[in-house]
2 protein chains.
Amino acid sequence: MDLDRLLKPSSLAVVGASVKPGKAGNVILTNLIEGGFRLYPVNPKEKEILGMKCYLDLGSLPEIPDIAILAVSAATSLPITAEAARLGIPFVIIVAGGFAEIGPDGRSIQDQMLKAIHGSETRLLGPNTMGLLIPERKLDTLFLPKSRSPRPKKGSIALISQSGSVMVGLYELAEDAHVGMGSCVGIGNKADLNENDFMDHFGKDPETKCISLYLESFSSGRAFADAARMISMRKPIVAAKVGKTPSAQKAASSHTGALATGTDLIVHGVFHQNGIIRVEDDQELLDVSQALSCLDHLMGNRIAIVGSGGGYGVVATDYVTSEANGLGLRLAPLSEGAKLSIKKLSPYFASVNNPVDLTGDVTDKMYDDVLGVLDREKEVDAILLILLFQPPGMSIGMVDVAEKWAKNGSKPIVICCTGGGFSRPVLQRLNERGIPAYGSIRRSVCALGALWERGRYLGGK
Amino acid sequence: MDLDRLLKPSSLAVVGASVKPGKAGNVILTNLIEGGFRLYPVNPKEKEILGMKCYLDLGSLPEIPDIAILAVSAATSLPITAEAARLGIPFVIIVAGGFAEIGPDGRSIQDQMLKAIHGSETRLLGPNTMGLLIPERKLDTLFLPKSRSPRPKKGSIALISQSGSVMVGLYELAEDAHVGMGSCVGIGNKADLNENDFMDHFGKDPETKCISLYLESFSSGRAFADAARMISMRKPIVAAKVGKTPSAQKAASSHTGALATGTDLIVHGVFHQNGIIRVEDDQELLDVSQALSCLDHLMGNRIAIVGSGGGYGVVATDYVTSEANGLGLRLAPLSEGAKLSIKKLSPYFASVNNPVDLTGDVTDKMYDDVLGVLDREKEVDAILLILLFQPPGMSIGMVDVAEKWAKNGSKPIVICCTGGGFSRPVLQRLNERGIPAYGSIRRSVCALGALWERGRYLGGK
């Protein structure tokens with residue numbers, strides 16, 4: 001399945017284009033303008049929209065566009081999809097809800113839509129979909145204004161989401177933390193194109209470093225497992241598969257017409273066998289994907305913790321060593337030589353055991369020296385660096401120190417940076433430089449756990 | 001134990017006051033100036049600091065201050081504490097580290113310090129403590145500049161924390177979300193005053209609606225359990241007790257000299273029996289405390305979910321109904337009448353079952369009407385309102401709608417408001433009005449779980 005004209009289009013038609021601000025057909029067109037595509041508004045009632053010539057119908061366009069986006073009702077989408085298929089438009093994105101997710105009546109329209117494209121070259125994305133967001137190419141088919149829903153910068157995570165709201169929630173979390181996104185694809189009711197088509201594509205895409213999935217159902221469990229097994233040898237796959245309980249499965253059915261497929265225990269087994277890292281929600285999906293797209297997997301499970309807040313060191317130790325969380329991590333033993341070196345480098349009341357606590361007297365320089373010591377430790381597989389920016393000895397220069405060891409050192413480094421208005425810009429800057437930084441201990445340790453889960457899958461100790 | 005002169009002081013001395021910006025003795029003084037206290041810098045080497053007359057020693061002050069804050073080293077703190085005791089200064093706050101947490105040598109100084117106050121009226125807070133932050137009275141003994149560590153506004157949560165960094169992390173989270181804090185007390189090594197003293201105080205304090213604890217050890221497990229049992233009949237207690245694993249207990253000992261007291265299983269049992277709601281980290285401690293300080297406990301476990309993002313509805317249903325999370329919540333059954341009403345009020349492709357999905361066509365008005373329907377439902381014990389502000393039909397006016405039902409309606413309402421730069425100010429405004437709003441489904445459901453845990457403790461169904 002060649003998705004190039006969908007994901008790298010040159011020309012797009014927007015059917016149901018509107019002059020009214022706030023209407024889907026207006027917002028989508030507005031969001032696309034910046035991308036420099038050849039854009040064709042289609043609306044029989046208008047001559048011109050946003051300064052562009054408006055067309056009567058798809059048949060009147062001066063070319064066959066790569067994509068027709070249908071910002072019209074479910075009922076109207078049906079004949080227009082049929083027209084698109086006759087014209088040979090390769091991809092149709094159907095925004096409207098009111099299909100399989102509402103019950104038999106809607107499912108019937110959805111089935112007719114599939115019949116309409118049967119035998120043609122036309123493929124459907126949706127219906128009931130948020131569409132596509134590819135920041136690098138400014139491809140943005142969303143019906144949400146950018147002012148209300150800030151978009152992330154470009155990155156290397158490919159998100160495939162069965163839910164529009166979760167896709168939006170995730171990319172806004174990314175934007176807020178200055179984490180980039182490669183592609184965001186809303187598959188909605190996935191009547192035609194589904195998660196497997198996009199997994200295949202992103203599996204082969206050299207720009208994609210991590211495939212992230214939000215799923216409520218599987219279009220074909222067998223095909224999914226086969227695709228995942230092939231891909232996860234080369235690159236990580238992270239998935240939030242929701243609808244775990246019977247109540248949630250019922251809710252999923254009302255949301256995207258998803259049909260429950262087996263018990264959650266089976267899902268768990270399939271994920272485990274095929275190297276898919278399972279997460280619980282949008283935040284975890286982003287956090288883990290970020291770590292996996294920035295860092296190599298861990299070769300072992302021994303974590304060195306270093307920070308300036310003793311309390312956070314204890315909290316981190318609980319998270320790392322608790323068996324209940326199932327991450328399989330443990331504290332790295334530090335050599336006597338390392339402890340002696342850290343003792344010389346830090347205040348006399350610091351704690352030189354793992355977790356290392358450099359206390360509120362910490363400075364950027366002290367971190368630099370201590371990271372140097374930890375970098376040489378043979379029994380350390382990764383470093384959890386707890387950076388608190390309230391002490392006066394800390395400066396924005398710490399970002400350079402962290403980058404030096406993250407990029408030139410021998411250990412993967414994950415950063416926890418708690419705090420509010422002063423600390424957040426530092427966290428954002430770390431993320432911009434590709435050093436995964438999180439606002440809580442829980443999230444940082446969860447990221448380390450995923451790096452080790454991937455390491456184990458690929459044959460780590 | 002009367003803590004009034006500690007928590008409502010009129011006069012404070014800062015020993016080790018400094019003219020150098022960034023030094024603890026300078027920052028503490030600076031932070032206190034706004035509070036309008038009678039302030040006495042003490043430093044034998046200076047005549048004047050920050051425009052205030054500087055004194056040679058505690059004995060030279062024109063009055064006996066309520067508090068002497070010691071911003072000097074561990075070794076120097078010892079004779080000054082002895083002097084404070086001779087003078088009859090009621091409270092001494094010892095900021096320095098280098099006591100029991102560093103081993104036998106430090107423990108010996110700590111023991112001598114206790115001997116120095118023995119038989120006197122003087123009581124110690126610390127050593128190794130961040131001190132006090134009481135926003136309402138602008139009492140701020142922290143050695144962290146406000147510019148680096150934004151302080152929250154006043155509120156009704158009393159935090160008692162054995163860790164300075166976790167205390168800071170928590171109040172910055174509060175500030176960031178516009179959640180108020182009543183008091184933040186760092187008990188540090190708690191050589192003298194400990195969690196039980198402050199629990200007793202806040203248990204009786206009418207301004208305190210929720211007592212929140214971060215603990216690495218218990219000063220007296222028996223006294224703690226007795227105090228908690230008495231208090232939790234009247235007001236909620238939430239606690240993060242860390243140091244659950246042997247490694248983390250060892251880390252706690254290096255942090256605050258805490259000695260491990262029994263296995264974590266015992267802690268769990270004591271908490272459960274005495275109505276203490278257990279949480280895992282600073283974020284959860286704040287989230288749950290916020291809900292408990294704003295809302296009554298739940299009378300039952302049946303949750304109605306209403307939102308505009310189907311995906312989040314499914315995620316929420318998973319969290320609510322999953323047995324693994326142990327919250328004991330379930331989905332409320334909606335009456336046929338309610339479903340019919342919601343059907344009339346919402347787009348035809350909305351989902352009128354619980355979780356209710358009003359879709360991207362949602363408006364403030366639609367929420368208002370649907371909340372009215374849910375408010376009358378007999379089998380709904382609480383409402384989880386998932387507000388997404390990206391759809392064009394939503395406005396800031398939704399804050400008023402939410403407030404109307406939260407304050408005048410019959411059901412407790414917890415709000416989830418995901419999203420970035422556009423959505424955060426709305427979330428902040430909801431919190432300012434005392435309607436608990438969280439940035440993720442997980443956190444909102446966790447808050448609901450705590451409200452029900454308290455309901456069960458107080459005899460709910």
# chains A, B, ... in the order shown; residues from 1 in each chain; ligands from 1
call {"tool": "interface_residues", "arguments": {"of": "chain B", "to": "chain A", "cutoff": "7 Å", "atoms": "only C-alpha atoms", "output": "PyMOL selection string"}}
result
chain B and resi 22+97-98+102+144+148-150+163+165-166+169+172-173+176+242-245+247-248+251-252+254-255+309-312+314-315+317-318+321-322+349+351+355+390-392+418-422
call {"tool": "select_by_dssp", "arguments": {"residues": "segment 240-367 of chain B", "states": "strand (DSSP E or B)", "output": "JSON, numbers by chain"}}
result
{"B": [240, 241, 276, 277, 278, 279, 302, 303, 304, 305, 306, 307, 330, 331, 351, 356, 357]}
call {"tool": "residues_around", "arguments": {"residues": "Gly35 of chain A", "least_positions_apart": "6", "cutoff": "7 Å", "atoms": "only C-alpha atoms", "output": "PyMOL selection string"}}
result
chain A and resi 137-139
call {"tool": "decode", "arguments": {"residues": "segment 428-444 of chain A", "atoms": "N, CA and C atoms", "output": "compact mmCIF listing (two decimals), in the first residue's frame"}}
result
# COMPACT_ATOMS: atom_id res chain seq x y z
N GLN A 428 11.95 22.32 28.65
CA GLN A 428 11.67 22.43 27.22
C GLN A 428 12.96 22.46 26.41
N ARG A 429 13.95 23.18 26.92
CA ARG A 429 15.20 23.28 26.19
C ARG A 429 15.92 21.92 26.11
N LEU A 430 15.83 21.17 27.21
CA LEU A 430 16.42 19.82 27.20
C LEU A 430 15.75 18.97 26.13
N ASN A 431 14.42 19.02 26.10
CA ASN A 431 13.69 18.23 25.10
C ASN A 431 14.03 18.67 23.68
N GLU A 432 14.16 20.00 23.48
CA GLU A 432 14.52 20.50 22.15
C GLU A 432 15.84 19.90 21.67
N ARG A 433 16.74 19.67 22.61
CA ARG A 433 18.05 19.13 22.24
C ARG A 433 18.07 17.60 22.20
N GLY A 434 16.89 17.02 22.31
CA GLY A 434 16.82 15.56 22.17
C GLY A 434 17.22 14.80 23.42
N ILE A 435 17.19 15.47 24.57
CA ILE A 435 17.48 14.78 25.84
C ILE A 435 16.15 14.64 26.57
N PRO A 436 15.64 13.41 26.70
CA PRO A 436 14.28 13.28 27.24
C PRO A 436 14.19 13.75 28.69
N ALA A 437 13.35 14.74 28.92
CA ALA A 437 13.18 15.32 30.25
C ALA A 437 11.70 15.34 30.60
N TYR A 438 11.39 14.96 31.83
CA TYR A 438 10.01 14.82 32.25
C TYR A 438 9.77 15.58 33.55
N GLY A 439 8.52 15.96 33.77
CA GLY A 439 8.19 16.76 34.94
C GLY A 439 7.95 15.97 36.21
N SER A 440 8.07 14.66 36.16
CA SER A 440 7.87 13.89 37.39
C SER A 440 8.76 12.66 37.41
N ILE A 441 9.03 12.21 38.63
CA ILE A 441 9.83 10.99 38.83
C ILE A 441 9.13 9.79 38.18
N ARG A 442 7.83 9.68 38.44
CA ARG A 442 7.07 8.54 37.91
C ARG A 442 7.26 8.42 36.40
N ARG A 443 7.12 9.58 35.70
CA ARG A 443 7.20 9.55 34.25
C ARG A 443 8.62 9.23 33.78
N SER A 444 9.63 9.75 34.46
CA SER A 444 11.01 9.48 34.05
C SER A 444 11.34 8.00 34.23
